[in-house]
file work_0.cif (mmCIF, C-alpha atoms)
data_coords
loop_
_atom_site.label_atom_id
_atom_site.label_comp_id
_atom_site.auth_asym_id
_atom_site.auth_seq_id
_atom_site.Cartn_x
_atom_site.Cartn_y
_atom_site.Cartn_z
CA MET A 270 4.12 -84.14 -171.15
CA ILE A 271 3.77 -81.37 -168.59
CA TRP A 272 0.82 -79.96 -170.53
CA TRP A 273 -0.85 -83.37 -170.52
CA TRP A 274 -0.30 -83.78 -166.79
CA LEU A 275 -1.73 -80.33 -166.05
CA ALA A 276 -4.78 -81.05 -168.18
CA CYS A 277 -5.42 -84.32 -166.37
CA ALA A 278 -4.84 -82.87 -162.94
CA ARG A 279 -7.23 -79.99 -163.53
CA SER A 280 -10.33 -79.95 -161.39
CA PRO A 281 -13.25 -81.56 -163.28
CA GLY A 282 -15.88 -79.28 -161.75
CA ILE A 283 -18.99 -80.71 -160.11
CA GLU A 284 -20.50 -81.58 -163.50
CA GLY A 285 -17.34 -83.42 -164.56
CA CYS A 286 -17.47 -85.74 -161.55
CA ALA A 287 -20.23 -87.73 -163.24
CA GLU A 288 -17.61 -89.05 -165.68
CA LEU A 289 -16.03 -91.16 -162.95
CA ARG A 290 -17.03 -94.82 -162.99
CA ASP A 291 -17.29 -95.64 -159.30
CA PRO A 292 -20.47 -94.16 -157.73
CA THR A 293 -18.71 -93.48 -154.44
CA GLU A 294 -15.88 -91.71 -156.24
CA VAL A 295 -18.45 -89.62 -158.10
CA GLU A 296 -19.96 -88.43 -154.82
CA ASP A 297 -16.58 -87.85 -153.19
CA CYS A 298 -15.47 -85.89 -156.23
CA ARG A 299 -18.58 -83.70 -155.98
CA LEU A 300 -17.87 -83.07 -152.31
CA GLU A 301 -14.29 -82.05 -153.04
CA GLU A 302 -15.41 -79.76 -155.83
CA ALA A 303 -18.07 -78.18 -153.63
CA LEU A 304 -15.56 -77.59 -150.86
CA ALA A 305 -13.13 -76.09 -153.36
CA LEU A 306 -15.79 -73.64 -154.56
CA GLY A 307 -15.93 -72.17 -151.06
CA ASP A 308 -18.69 -69.64 -151.66
CA ALA A 309 -21.97 -71.03 -150.34
CA GLU A 310 -24.11 -69.49 -153.09
CA ALA A 311 -21.86 -70.93 -155.80
CA VAL A 312 -22.08 -74.32 -154.11
CA ARG A 313 -25.87 -74.20 -154.03
CA VAL A 314 -26.02 -73.31 -157.73
CA ALA A 315 -23.59 -76.11 -158.59
CA ILE A 316 -25.58 -78.65 -156.55
CA ALA A 317 -28.72 -77.78 -158.51
CA SER A 318 -27.02 -79.07 -161.66
CA ILE A 319 -26.42 -82.56 -160.20
CA GLU A 320 -28.53 -85.53 -161.19
CA PRO A 321 -30.23 -87.45 -159.67
CA ALA A 322 -31.99 -85.79 -156.74
CA LEU A 323 -30.57 -88.36 -154.29
CA SER A 324 -27.07 -87.23 -155.13
CA ARG A 325 -28.04 -83.60 -154.67
CA ASP A 326 -29.44 -84.42 -151.23
CA LEU A 327 -26.41 -86.48 -150.30
CA LEU A 328 -24.06 -83.60 -151.07
CA ARG A 329 -26.22 -81.10 -149.18
CA LEU A 330 -26.20 -83.39 -146.16
CA ARG A 331 -22.47 -83.99 -146.27
CA LEU A 332 -21.84 -80.26 -146.40
CA ALA A 333 -24.30 -79.64 -143.56
CA VAL A 334 -22.61 -82.19 -141.32
CA ARG A 335 -19.15 -80.85 -142.12
CA ASP A 336 -20.18 -77.27 -141.36
CA PRO A 337 -23.32 -77.13 -139.19
CA ALA A 338 -23.18 -73.31 -139.25
CA GLN A 339 -24.05 -73.50 -142.97
CA ALA A 340 -26.51 -76.35 -142.57
CA ARG A 341 -29.67 -74.28 -142.78
CA SER A 342 -28.93 -72.98 -146.27
CA PHE A 343 -28.20 -76.49 -147.57
CA CYS A 344 -30.95 -78.27 -145.67
CA GLU A 345 -33.62 -75.81 -146.79
CA GLU A 346 -33.14 -77.19 -150.29
CA VAL A 347 -33.17 -80.93 -149.63
CA GLU A 348 -35.76 -82.72 -151.69
CA GLY A 349 -36.26 -86.15 -150.12
CA ASP A 350 -37.84 -87.14 -146.81
CA GLU A 351 -34.84 -89.19 -145.70
CA ALA A 352 -32.46 -86.29 -146.25
CA ARG A 353 -34.90 -83.93 -144.56
CA ARG A 354 -35.01 -86.17 -141.51
CA LYS A 355 -31.25 -86.41 -141.35
CA CYS A 356 -30.94 -82.66 -141.76
CA GLU A 357 -33.03 -82.29 -138.63
CA GLN A 358 -30.20 -84.02 -136.78
CA VAL A 359 -28.12 -80.93 -137.51
CA LEU A 360 -30.72 -78.15 -137.62
CA GLY A 361 -32.44 -79.37 -134.47
CA ARG A 362 -29.20 -78.96 -132.54
CA PRO A 363 -28.39 -75.23 -132.72
CA HIS A 364 -25.39 -75.56 -130.38
CA LEU A 365 -23.56 -77.34 -133.21
CA SER A 366 -23.49 -74.04 -135.12
CA VAL A 367 -22.04 -72.03 -132.25
CA PRO A 368 -18.32 -71.42 -132.80
CA PRO A 369 -16.08 -72.51 -129.90
CA GLU A 370 -15.02 -69.81 -127.47
CA GLY A 371 -11.96 -68.03 -128.78
CA GLY A 372 -12.22 -69.93 -132.04
CA MET B 71 -29.18 -95.10 -159.75
CA PHE B 72 -29.91 -96.56 -163.10
CA TRP B 73 -26.47 -97.28 -164.49
CA LEU B 74 -26.08 -99.75 -161.68
CA LEU B 75 -29.55 -101.20 -162.06
CA ALA B 76 -28.93 -101.56 -165.80
CA CYS B 77 -26.07 -103.96 -165.19
CA GLY B 78 -28.54 -106.76 -164.42
CA GLY B 79 -28.10 -109.67 -162.08
CA ALA B 80 -28.74 -109.37 -158.38
CA GLU B 81 -30.09 -106.03 -157.23
CA PRO B 82 -27.01 -103.92 -156.73
CA SER B 83 -26.50 -101.71 -153.75
CA ASP B 84 -26.66 -97.99 -154.28
CA PRO B 85 -24.20 -96.26 -151.96
CA VAL B 86 -26.12 -92.99 -152.11
CA ALA B 87 -29.49 -94.49 -151.30
CA ASP B 88 -27.90 -96.73 -148.69
CA ALA B 89 -26.23 -93.78 -147.02
CA LEU B 90 -29.43 -91.75 -146.91
CA ARG B 91 -31.25 -94.71 -145.40
CA ALA B 92 -28.54 -95.53 -142.88
CA GLU B 93 -30.02 -95.77 -139.43
CA GLY B 94 -28.73 -97.44 -136.37
CA THR B 95 -31.74 -99.67 -136.14
CA VAL B 96 -31.51 -100.82 -139.75
CA VAL B 97 -27.82 -100.78 -140.55
CA ALA B 98 -26.46 -101.67 -137.15
CA ASP B 99 -22.86 -100.83 -137.87
CA CYS B 100 -23.62 -97.62 -139.79
CA ALA B 101 -21.53 -98.90 -142.69
CA THR B 102 -21.92 -96.35 -145.46
CA ALA B 103 -19.41 -95.15 -147.99
CA PHE B 104 -19.71 -91.57 -146.74
CA GLU B 105 -18.14 -90.54 -143.48
CA GLU B 106 -20.57 -87.70 -142.76
CA LEU B 107 -23.56 -90.01 -142.87
CA ARG B 108 -21.76 -92.69 -140.90
CA ILE B 109 -21.27 -90.06 -138.19
CA THR B 110 -24.91 -89.02 -137.98
CA CYS B 111 -25.93 -92.67 -138.01
CA LEU B 112 -23.58 -93.40 -135.10
CA VAL B 113 -25.01 -90.48 -133.14
CA ASP B 114 -28.47 -91.96 -133.71
CA VAL B 115 -27.23 -95.35 -132.55
CA ALA B 116 -25.77 -93.85 -129.39
CA ALA B 117 -28.95 -91.96 -128.57
CA GLY B 118 -31.13 -95.00 -129.18
CA ALA B 119 -28.86 -97.26 -127.18
CA ALA B 120 -28.80 -94.84 -124.24
CA ARG B 121 -32.58 -94.53 -124.44
CA ALA B 122 -32.74 -98.32 -124.12
CA GLY B 123 -30.20 -98.38 -121.28
CA GLU B 124 -27.55 -100.12 -123.40
CA ASP B 125 -24.55 -98.04 -122.53
CA ALA B 126 -21.88 -100.33 -123.97
CA ARG B 127 -23.45 -99.84 -127.40
CA ALA B 128 -23.80 -96.09 -126.87
CA ASP B 129 -20.22 -95.85 -125.76
CA ALA B 130 -18.94 -97.89 -128.70
CA ALA B 131 -20.89 -95.76 -131.18
CA CYS B 132 -19.44 -92.51 -129.82
CA SER B 133 -15.94 -93.96 -129.71
CA ALA B 134 -16.25 -94.87 -133.40
CA ILE B 135 -16.48 -91.17 -134.27
CA ALA B 136 -13.24 -89.22 -134.60
CA PRO B 137 -12.56 -86.78 -131.74
CA GLY B 138 -14.19 -83.42 -132.39
CA VAL B 139 -17.56 -81.74 -132.50
CA TRP B 140 -19.52 -84.80 -133.61
CA ARG B 141 -18.05 -87.10 -130.98
CA GLN B 142 -18.96 -84.45 -128.42
CA GLU B 143 -22.45 -84.28 -129.88
CA CYS B 144 -22.66 -88.07 -129.64
CA HIS B 145 -21.85 -88.00 -125.92
CA PHE B 146 -24.31 -85.12 -125.51
CA ARG B 147 -27.12 -87.20 -127.06
CA ALA B 148 -26.20 -90.27 -125.02
CA GLY B 149 -25.98 -88.18 -121.85
CA GLU B 150 -29.35 -86.56 -122.27
CA GLU B 151 -31.05 -89.85 -123.09
CA HIS B 152 -29.56 -91.50 -120.00
CA GLY B 153 -30.81 -88.45 -118.09
CA VAL B 154 -34.34 -88.99 -119.37
CA ARG B 155 -34.29 -92.46 -117.82
CA GLY B 156 -33.04 -90.98 -114.56
CA ASP B 157 -29.71 -92.80 -114.88
CA ILE B 158 -27.81 -89.82 -113.64
CA GLU B 159 -24.52 -91.68 -113.28
CA LEU B 160 -24.34 -92.57 -116.97
CA ALA B 161 -25.77 -89.20 -117.97
CA LEU B 162 -23.02 -87.32 -116.18
CA ASP B 163 -20.37 -89.72 -117.45
CA HIS B 164 -21.35 -88.92 -121.05
CA CYS B 165 -21.94 -85.21 -120.40
CA GLY B 166 -18.43 -85.12 -118.96
CA ARG B 167 -17.15 -86.23 -122.34
CA ALA B 168 -19.29 -83.80 -124.35
CA GLY B 169 -16.54 -81.16 -124.47
CA ARG B 170 -17.88 -77.67 -124.97
CA PHE B 171 -21.41 -79.09 -124.95
CA ALA B 172 -21.06 -80.45 -121.41
CA GLY B 173 -23.16 -77.65 -119.90
CA ASN B 174 -25.94 -78.05 -122.51
CA CYS B 175 -25.84 -81.80 -121.97
CA VAL B 176 -26.39 -81.45 -118.23
CA THR B 177 -29.20 -78.96 -118.77
CA HIS B 178 -30.96 -81.28 -121.20
CA ALA B 179 -30.35 -84.33 -119.02
CA ALA B 180 -31.77 -82.54 -116.00
CA TRP B 181 -34.83 -81.06 -117.61
CA ARG B 182 -35.82 -84.13 -119.57
CA MET B 183 -35.26 -86.34 -116.52
CA ARG B 184 -38.22 -88.37 -115.37
CA PRO B 185 -39.37 -88.15 -111.74
CA VAL B 186 -36.92 -89.64 -109.28
CA THR B 187 -39.37 -89.54 -106.39
CA THR B 188 -42.62 -91.41 -105.88
CA ALA B 189 -43.85 -89.88 -102.63
CA LEU B 190 -46.14 -86.88 -102.25
CA PRO B 191 -44.64 -83.76 -100.63
CA SER B 192 -46.68 -84.46 -97.51
CA GLU B 193 -45.20 -87.93 -97.02
CA PRO B 194 -42.16 -88.44 -94.79
CA THR B 195 -40.44 -90.56 -97.46
CA ALA B 196 -40.34 -87.60 -99.87
CA LEU B 197 -37.31 -86.08 -98.16
CA ALA B 198 -35.59 -89.45 -97.96
CA GLU B 199 -36.05 -89.90 -101.70
CA ILE B 200 -34.65 -86.45 -102.39
CA ALA B 201 -31.71 -87.18 -100.08
CA ALA B 202 -31.00 -90.48 -101.84
CA PHE B 203 -31.03 -88.77 -105.23
CA THR B 204 -28.76 -86.02 -103.89
CA GLY B 205 -26.29 -88.67 -102.80
CA ARG B 206 -26.30 -90.25 -106.24
CA VAL B 207 -25.74 -86.88 -107.90
CA ASP B 208 -22.84 -86.03 -105.59
CA THR B 209 -21.17 -89.39 -106.21
CA ALA B 210 -21.60 -89.14 -109.98
CA LEU B 211 -20.33 -85.56 -110.04
CA ALA B 212 -17.17 -86.58 -108.22
CA GLY B 213 -16.21 -88.49 -111.38
CA VAL B 214 -16.49 -85.42 -113.61
CA ALA B 215 -15.43 -82.73 -111.15
CA GLU B 216 -12.78 -81.33 -113.49
CA VAL B 217 -15.08 -80.91 -116.49
CA ARG B 218 -15.60 -77.31 -117.54
CA GLY B 219 -19.22 -76.27 -118.01
CA ILE B 220 -20.65 -78.82 -115.63
CA GLU B 221 -20.48 -76.61 -112.54
CA GLU B 222 -24.22 -76.03 -112.41
CA ALA B 223 -25.13 -79.68 -112.86
CA ARG B 224 -25.86 -80.33 -109.20
CA GLU B 225 -28.24 -77.36 -108.90
CA ALA B 226 -30.01 -78.19 -112.16
CA LEU B 227 -30.51 -81.86 -111.30
CA LEU B 228 -31.74 -81.17 -107.78
CA ALA B 229 -34.03 -78.39 -109.04
CA ARG B 230 -35.57 -80.93 -111.40
CA ALA B 231 -36.02 -83.48 -108.63
CA TRP B 232 -37.85 -80.89 -106.52
CA PHE B 233 -39.91 -79.81 -109.51
CA HIS B 234 -41.13 -83.37 -109.97
CA LEU B 235 -41.84 -83.79 -106.29
CA TYR B 236 -44.22 -80.83 -106.21
CA TYR B 237 -45.37 -79.71 -109.62
CA GLY B 238 -48.49 -81.46 -110.81
CA SER B 239 -48.60 -83.69 -107.71
CA GLY B 240 -51.81 -82.16 -106.45
CA SER B 241 -50.13 -81.26 -103.17
CA ALA B 242 -48.44 -78.03 -102.13
CA ASP B 243 -47.97 -79.31 -98.61
CA ARG B 244 -45.09 -77.46 -96.95
CA ALA B 245 -43.73 -80.54 -95.19
CA ALA B 246 -41.07 -81.31 -97.79
CA LEU B 247 -40.25 -77.64 -98.33
CA ASP B 248 -39.76 -77.06 -94.63
CA GLY B 249 -37.48 -80.09 -94.45
CA ALA B 250 -35.31 -79.06 -97.40
CA VAL B 251 -31.69 -78.77 -96.43
CA GLY B 252 -29.38 -75.77 -96.94
CA ASP B 253 -28.61 -75.19 -100.58
CA GLN B 254 -31.75 -77.01 -101.75
CA GLN B 255 -34.19 -74.67 -100.06
CA ALA B 256 -34.43 -72.21 -102.94
CA ALA B 257 -35.08 -74.98 -105.47
CA ALA B 258 -37.70 -76.46 -103.15
CA ARG B 259 -39.37 -73.05 -102.86
CA THR B 260 -39.57 -72.66 -106.65
CA ALA B 261 -41.25 -76.04 -107.02
CA TRP B 262 -43.57 -75.52 -104.06
CA ALA B 263 -44.61 -72.06 -105.35
CA MET B 264 -45.40 -73.50 -108.78
CA GLU B 265 -47.78 -76.03 -107.32
CA ALA B 266 -49.24 -73.68 -104.70
CA LEU B 267 -50.04 -71.11 -107.39
CA ARG B 268 -51.38 -73.73 -109.76
CA LEU B 269 -53.68 -75.15 -107.09
CA ASP B 270 -54.39 -71.75 -105.55
CA GLY B 271 -54.10 -73.59 -102.26
CA SER B 272 -52.37 -76.62 -100.87
CA VAL B 273 -54.44 -79.50 -102.24
CA GLY B 274 -56.07 -80.15 -105.59
CA GLU B 275 -56.18 -82.28 -108.70
CA PRO B 276 -52.88 -83.74 -109.87
CA LEU B 277 -51.73 -83.11 -113.42
CA ASP B 278 -51.11 -85.82 -115.96
CA PRO B 279 -47.30 -86.21 -116.17
CA ARG B 280 -47.38 -85.10 -119.81
CA GLU B 281 -48.93 -81.79 -118.76
CA ARG B 282 -46.28 -80.97 -116.21
CA VAL B 283 -44.65 -78.37 -118.40
CA GLY B 284 -44.75 -74.60 -118.46
CA ARG B 285 -43.35 -71.42 -119.91
CA TYR B 286 -39.56 -71.33 -120.14
CA ALA B 287 -37.98 -68.67 -117.94
CA PRO B 288 -34.58 -67.55 -119.19
CA ALA B 289 -32.19 -65.91 -116.78
CA LEU B 290 -32.61 -62.14 -116.60
CA ILE B 291 -29.24 -60.68 -115.77
CA PRO B 292 -29.19 -56.89 -116.13
CA PRO B 293 -25.70 -55.33 -116.08
CA GLY B 294 -24.38 -55.12 -112.54
CA THR B 295 -26.43 -58.04 -111.22
CA GLU B 296 -24.16 -60.81 -112.48
CA ALA B 297 -23.09 -61.73 -108.95
CA ALA B 298 -26.61 -61.90 -107.50
CA GLU B 299 -27.64 -65.33 -106.22
CA ARG B 300 -29.76 -67.32 -108.67
CA VAL B 301 -31.25 -70.80 -108.78
CA PRO B 302 -32.28 -72.94 -111.78
CA THR B 303 -35.95 -72.84 -112.69
CA PHE B 304 -36.83 -74.67 -115.88
CA GLY B 305 -34.93 -75.80 -118.98
CA GLY B 306 -31.76 -73.88 -118.22
CA GLY B 307 -33.55 -70.81 -116.87
CA GLN B 308 -32.77 -69.16 -113.55
CA ARG B 309 -34.51 -66.96 -111.01
CA LEU B 310 -33.14 -64.50 -108.50
CA VAL B 311 -33.05 -65.68 -104.88
CA GLY B 312 -34.48 -63.42 -102.16
CA PRO B 313 -32.41 -62.15 -99.25
CA THR B 314 -34.32 -64.17 -96.61
CA PRO B 315 -36.30 -67.44 -96.80
CA LEU B 316 -39.58 -65.59 -96.31
CA GLU B 317 -38.79 -62.99 -98.95
CA ASP B 318 -37.59 -65.73 -101.28
CA GLU B 319 -41.09 -67.21 -101.28
CA ALA B 320 -42.21 -64.06 -103.09
CA PHE B 321 -39.30 -64.38 -105.55
CA ALA B 322 -40.30 -68.00 -106.16
CA ALA B 323 -43.91 -66.98 -106.60
CA VAL B 324 -43.24 -64.47 -109.38
CA ALA B 325 -41.09 -67.03 -111.18
CA ALA B 326 -43.87 -69.60 -110.73
CA ALA B 327 -46.47 -67.17 -112.07
CA TYR B 328 -44.40 -66.66 -115.19
CA PHE B 329 -43.95 -70.44 -115.57
CA LEU B 330 -47.71 -70.90 -115.27
CA GLY B 331 -48.33 -68.44 -118.09
CA TRP B 332 -49.74 -65.53 -116.11
CA ASP B 333 -49.83 -62.18 -117.90
CA GLY B 334 -47.62 -59.28 -116.87
CA GLU B 335 -50.22 -57.36 -114.87
CA ARG B 336 -50.97 -60.37 -112.64
CA ILE B 337 -47.28 -61.07 -112.12
CA LEU B 338 -46.74 -57.45 -111.03
CA GLU B 339 -49.44 -57.82 -108.39
CA LEU B 340 -47.46 -60.63 -106.81
CA GLY B 341 -44.15 -58.77 -106.66
CA GLN B 342 -43.97 -56.98 -103.34
CA GLY B 343 -41.00 -55.66 -101.39
CA SER B 344 -37.65 -56.99 -102.50
CA SER B 345 -39.20 -59.25 -105.16
CA LYS B 346 -40.70 -56.28 -107.01
CA LEU B 347 -37.75 -55.91 -109.36
CA SER B 348 -37.84 -59.60 -110.21
CA ALA B 349 -41.59 -59.32 -110.87
CA ILE B 350 -41.00 -56.42 -113.25
CA GLY B 351 -38.57 -58.59 -115.22
CA TYR B 352 -41.04 -61.48 -115.54
CA ALA B 353 -43.93 -59.11 -116.24
CA VAL B 354 -42.11 -57.50 -119.18
CA LEU B 355 -40.99 -60.92 -120.36
CA ALA B 356 -44.62 -62.08 -120.34
CA SER B 357 -46.14 -58.83 -121.62
CA PRO B 358 -43.52 -56.78 -123.49
CA GLU B 359 -45.95 -53.88 -123.94
CA LEU B 360 -45.49 -53.13 -120.23
CA GLY B 361 -41.81 -52.46 -120.75
CA ALA B 362 -41.94 -48.85 -122.02
CA ALA B 363 -43.24 -47.44 -118.73
CA PHE B 364 -40.56 -49.20 -116.70
CA GLU B 365 -37.79 -48.21 -119.09
CA SER B 366 -38.42 -44.54 -118.23
CA ASP B 367 -38.61 -45.19 -114.47
CA ASP B 368 -36.54 -43.04 -112.10
CA ASP B 369 -34.84 -46.09 -110.62
CA PRO B 370 -31.89 -47.24 -112.79
CA ALA B 371 -32.30 -50.81 -111.53
CA VAL B 372 -35.90 -50.89 -112.77
CA ARG B 373 -34.87 -49.42 -116.11
CA ALA B 374 -32.08 -51.99 -116.47
CA MET B 375 -34.34 -54.92 -115.58
CA ALA B 376 -37.07 -53.81 -118.00
CA ARG B 377 -34.55 -53.33 -120.78
CA GLU B 378 -32.99 -56.74 -120.11
CA ALA B 379 -36.41 -58.42 -120.17
CA ARG B 380 -37.33 -56.68 -123.42
CA VAL B 381 -34.07 -57.76 -125.08
CA VAL B 382 -34.39 -61.35 -123.84
CA ARG B 383 -38.01 -61.52 -124.99
CA ALA B 384 -37.08 -60.18 -128.44
CA ASP B 385 -34.36 -62.82 -128.68
CA MET B 386 -36.81 -65.55 -127.69
CA ASP B 387 -39.30 -64.36 -130.32
CA LEU B 388 -36.58 -64.32 -132.95
CA ARG B 389 -35.50 -67.86 -132.09
CA ARG B 390 -39.08 -69.05 -132.14
CA ARG B 391 -39.63 -67.55 -135.57
CA SER B 392 -36.45 -69.07 -136.96
CA GLY B 393 -37.47 -72.49 -135.64
CA ASP B 394 -34.55 -72.96 -133.24
CA ARG B 395 -35.17 -75.29 -130.37
#

call {"tool": "encode", "arguments": {"input": "work_0.cif", "output": "structure tokens"}}
result
Amino acid sequence: MIWWWLACARSPGIEGCAELRDPTEVEDCRLEEALALGDAEAVRVAIASIEPALSRDLLRLRLAVRDPAQARSFCEEVEGDEARRKCEQVLGRPHLSVPPEGG
Amino acid sequence: MFWLLACGGAEPSDPVADALRAEGTVVADCATAFEELRITCLVDVAAGAARAGEDARADAACSAIAPGVWRQECHFRAGEEHGVRGDIELALDHCGRAGRFAGNCVTHAAWRMRPVTTALPSEPTALAEIAAFTGRVDTALAGVAEVRGIEEAREALLARAWFHLYYGSGSADRAALDGAVGDQQAAARTAWAMEALRLDGSVGEPLDPRERVGRYAPALIPPGTEAAERVPTFGGGQRLVGPTPLEDEAFAAVAAAYFLGWDGERILELGQGSSKLSAIGYAVLASPELGAAFESDDDPAVRAMAREARVVRADMDLRRRSGDR
């Protein structure tokens, strides 16, 4: 029973998120997995494996908004015009990337 | 996404595509399944609403964002857009709620602000218009007096008002400058010098409002000069203020020459007496190749100014290359 619970609770990885049925849950799962990866390079590699391109762009944008200091690396790889335009909302505002004083 | 499209029936909504399309003008309530995109949509809504003078909508959009960096950014965008329209009361109200971005907000609001005067510098009403705007600024600032980072708002806003009065007007008449009161005299001198240098005289062709821009002059603050008196110039920049009104005209002139895009050699020719050090700073900023000679000068103040200008210029070049705005 414990083994079964551990197996079910294990992180599905970004690729495994596609198994979920609800599209919103799929995207939220990918975000959680990306955040859990931590390392920006690993996140970028994992994003490249996502299909379709809209979902890749959505995740890049969500990560950029959550951490504007990392936005450039994610936004440089967006593929669609809509995502590119929204990325500009972060990249075009360099003060967002400046850490707060003493923080 | 095809698994949804494959289900048949009415065209299903795609939360991903919807989120990427979410714009305040299209999806008025920014309803998307993803919080991050709802936030950026709301910031867009606030900016657009402020641009249109609809503050209730701007305010509601910012309030719908959880407290933190993005709510501050929302107030920043609303503040600067109100500033563009010259609605300084609403601009300062929002800038006052922009948290650690309050100072940036005021700078943007001031330097994107449209003219608040209609008279020419030679007309008696020019000073009355400046005085009326000053009164509005003082009243609005009273409401945000406790906000950290907003201390230089008054100077920046009044500097912009003077800039508009003179620069590009086709008149460098001294009437308004000579009537400037107390702490506005230095800002008036900067604006007057810009137009006097542009016209190379006191009367000439006005500039189209869209052409009333120039080279950004960052503050040059060599070590040990932090306490020296400075006044805003353009886009958050500052210039040193001369020890007397007459000498300050030379300080204003070298700043104006830099703004107008003069090269370093020409700027140096303008810098006489006490303004010489300031001219060296602008000259190196404009023409970095001039810096080496000054950096081996006998005078430590000259060396420090040249070094500061070189460092600031290198930083500007780096930012330009990396596409920062």

call {"tool": "atom_distance", "arguments": {"input": "work_0.cif", "atom1": "CA of Gly123 in chain B", "atom2": "CA of Asp157 in chain B"}}
result
8.5 Å

call {"tool": "residues_around", "arguments": {"input": "work_0.cif", "residues": "range 159-169 of chain B", "least_positions_apart": "4", "cutoff": "7 Å", "atoms": "all atoms listed in the file", "output": "list of chain:residue names"}}
result
B:Gln142, B:Glu143, B:His145, B:Phe146, B:Ala148, B:Gly149, B:Glu150, B:His152, B:Gly153, B:Cys175, B:Val176, B:Ala179, B:Ala210, B:Leu211, B:Val214, B:Val217

call {"tool": "resolve_selection", "arguments": {"input": "work_0.cif", "expression": "the PyMOL selection byres ((chain A and resi 344) around 8)", "output": "PyMOL selection string"}}
result
chain A and resi 329-330+333+340-343+345-347+353+356

call {"tool": "resolve_selection", "arguments": {"input": "work_0.cif", "expression": "the PyMOL selection byres ((chain A) within 8 of (chain B))", "output": "list in words"}}
result
Pro292, Thr293, Pro321, Leu323, Ser324, Leu327, Leu330, Arg331, Val334, Arg335, Glu351, Ala352, Lys355, Gln358, Leu360, Gly361, Arg362, Pro363, His364, Leu365 and Pro369 of chain A

call {"tool": "resolve_selection", "arguments": {"input": "work_0.cif", "expression": "the PyMOL selection byres ((chain B and resi 340-355) around 6)", "output": "PDB file with C-alpha atoms, in the coordinates of the input"}}
result
ATOM      1  CA  PHE B 321     -39.300 -64.380-105.550  1.00  0.00           C
ATOM      2  CA  VAL B 324     -43.240 -64.470-109.380  1.00  0.00           C
ATOM      3  CA  GLY B 334     -47.620 -59.280-116.870  1.00  0.00           C
ATOM      4  CA  ILE B 337     -47.280 -61.070-112.120  1.00  0.00           C
ATOM      5  CA  LEU B 338     -46.740 -57.450-111.030  1.00  0.00           C
ATOM      6  CA  GLU B 339     -49.440 -57.820-108.390  1.00  0.00           C
ATOM      7  CA  ALA B 356     -44.620 -62.080-120.340  1.00  0.00           C
ATOM      8  CA  SER B 357     -46.140 -58.830-121.620  1.00  0.00           C
ATOM      9  CA  PRO B 358     -43.520 -56.780-123.490  1.00  0.00           C
ATOM     10  CA  LEU B 360     -45.490 -53.130-120.230  1.00  0.00           C
ATOM     11  CA  GLY B 361     -41.810 -52.460-120.750  1.00  0.00           C
ATOM     12  CA  MET B 375     -34.340 -54.920-115.580  1.00  0.00           C
ATOM     13  CA  ALA B 376     -37.070 -53.810-118.000  1.00  0.00           C
ATOM     14  CA  ALA B 379     -36.410 -58.420-120.170  1.00  0.00           C
ATOM     15  CA  ARG B 383     -38.010 -61.520-124.990  1.00  0.00           C
TER      16      ARG B 383
END

call {"tool": "atom_distance", "arguments": {"input": "work_0.cif", "atom1": "CA of Met386 in chain B", "atom2": "CA of Pro288 in chain B"}}
result
9.0 Å

call {"tool": "residues_around", "arguments": {"input": "work_0.cif", "residues": "range 255-271 of chain B", "least_positions_apart": "4", "cutoff": "10 Å", "atoms": "all atoms listed in the file", "output": "number ranges by chain"}}
result
B: 191, 225-226, 228-244, 246-251, 275-276, 284, 300-304, 309-312, 315-316, 318-330

call {"tool": "atom_distance", "arguments": {"input": "work_0.cif", "atom1": "CA of Arg389 in chain B", "atom2": "CA of Tyr286 in chain B"}}
result
13.1 Å

call {"tool": "residues_near_point", "arguments": {"input": "work_0.cif", "point": "(-19.9, -84.6, -157.0)", "cutoff": "12 Å", "atoms": "all atoms listed in the file", "output": "short mmCIF file (atom, residue, chain, number, x, y, z; two decimals) with C-alpha atoms, in the frame of the given file"}}
result
data_model
loop_
_atom_site.label_atom_id
_atom_site.label_comp_id
_atom_site.auth_asym_id
_atom_site.auth_seq_id
_atom_site.Cartn_x
_atom_site.Cartn_y
_atom_site.Cartn_z
CA SER A 280 -10.33 -79.95 -161.39
CA PRO A 281 -13.25 -81.56 -163.28
CA GLY A 282 -15.88 -79.28 -161.75
CA ILE A 283 -18.99 -80.71 -160.11
CA GLU A 284 -20.50 -81.58 -163.50
CA GLY A 285 -17.34 -83.42 -164.56
CA CYS A 286 -17.47 -85.74 -161.55
CA ALA A 287 -20.23 -87.73 -163.24
CA GLU A 288 -17.61 -89.05 -165.68
CA LEU A 289 -16.03 -91.16 -162.95
CA ASP A 291 -17.29 -95.64 -159.30
CA PRO A 292 -20.47 -94.16 -157.73
CA THR A 293 -18.71 -93.48 -154.44
CA GLU A 294 -15.88 -91.71 -156.24
CA VAL A 295 -18.45 -89.62 -158.10
CA GLU A 296 -19.96 -88.43 -154.82
CA ASP A 297 -16.58 -87.85 -153.19
CA CYS A 298 -15.47 -85.89 -156.23
CA ARG A 299 -18.58 -83.70 -155.98
CA LEU A 300 -17.87 -83.07 -152.31
CA GLU A 301 -14.29 -82.05 -153.04
CA GLU A 302 -15.41 -79.76 -155.83
CA ALA A 303 -18.07 -78.18 -153.63
CA LEU A 304 -15.56 -77.59 -150.86
CA ALA A 305 -13.13 -76.09 -153.36
CA LEU A 306 -15.79 -73.64 -154.56
CA VAL A 312 -22.08 -74.32 -154.11
CA ALA A 315 -23.59 -76.11 -158.59
CA ILE A 316 -25.58 -78.65 -156.55
CA ALA A 317 -28.72 -77.78 -158.51
CA SER A 318 -27.02 -79.07 -161.66
CA ILE A 319 -26.42 -82.56 -160.20
CA GLU A 320 -28.53 -85.53 -161.19
CA PRO A 321 -30.23 -87.45 -159.67
CA LEU A 323 -30.57 -88.36 -154.29
CA SER A 324 -27.07 -87.23 -155.13
CA ARG A 325 -28.04 -83.60 -154.67
CA ASP A 326 -29.44 -84.42 -151.23
CA LEU A 327 -26.41 -86.48 -150.30
CA LEU A 328 -24.06 -83.60 -151.07
CA ARG A 329 -26.22 -81.10 -149.18
CA ARG A 331 -22.47 -83.99 -146.27
CA LEU A 332 -21.84 -80.26 -146.40
CA VAL B 86 -26.12 -92.99 -152.11
#
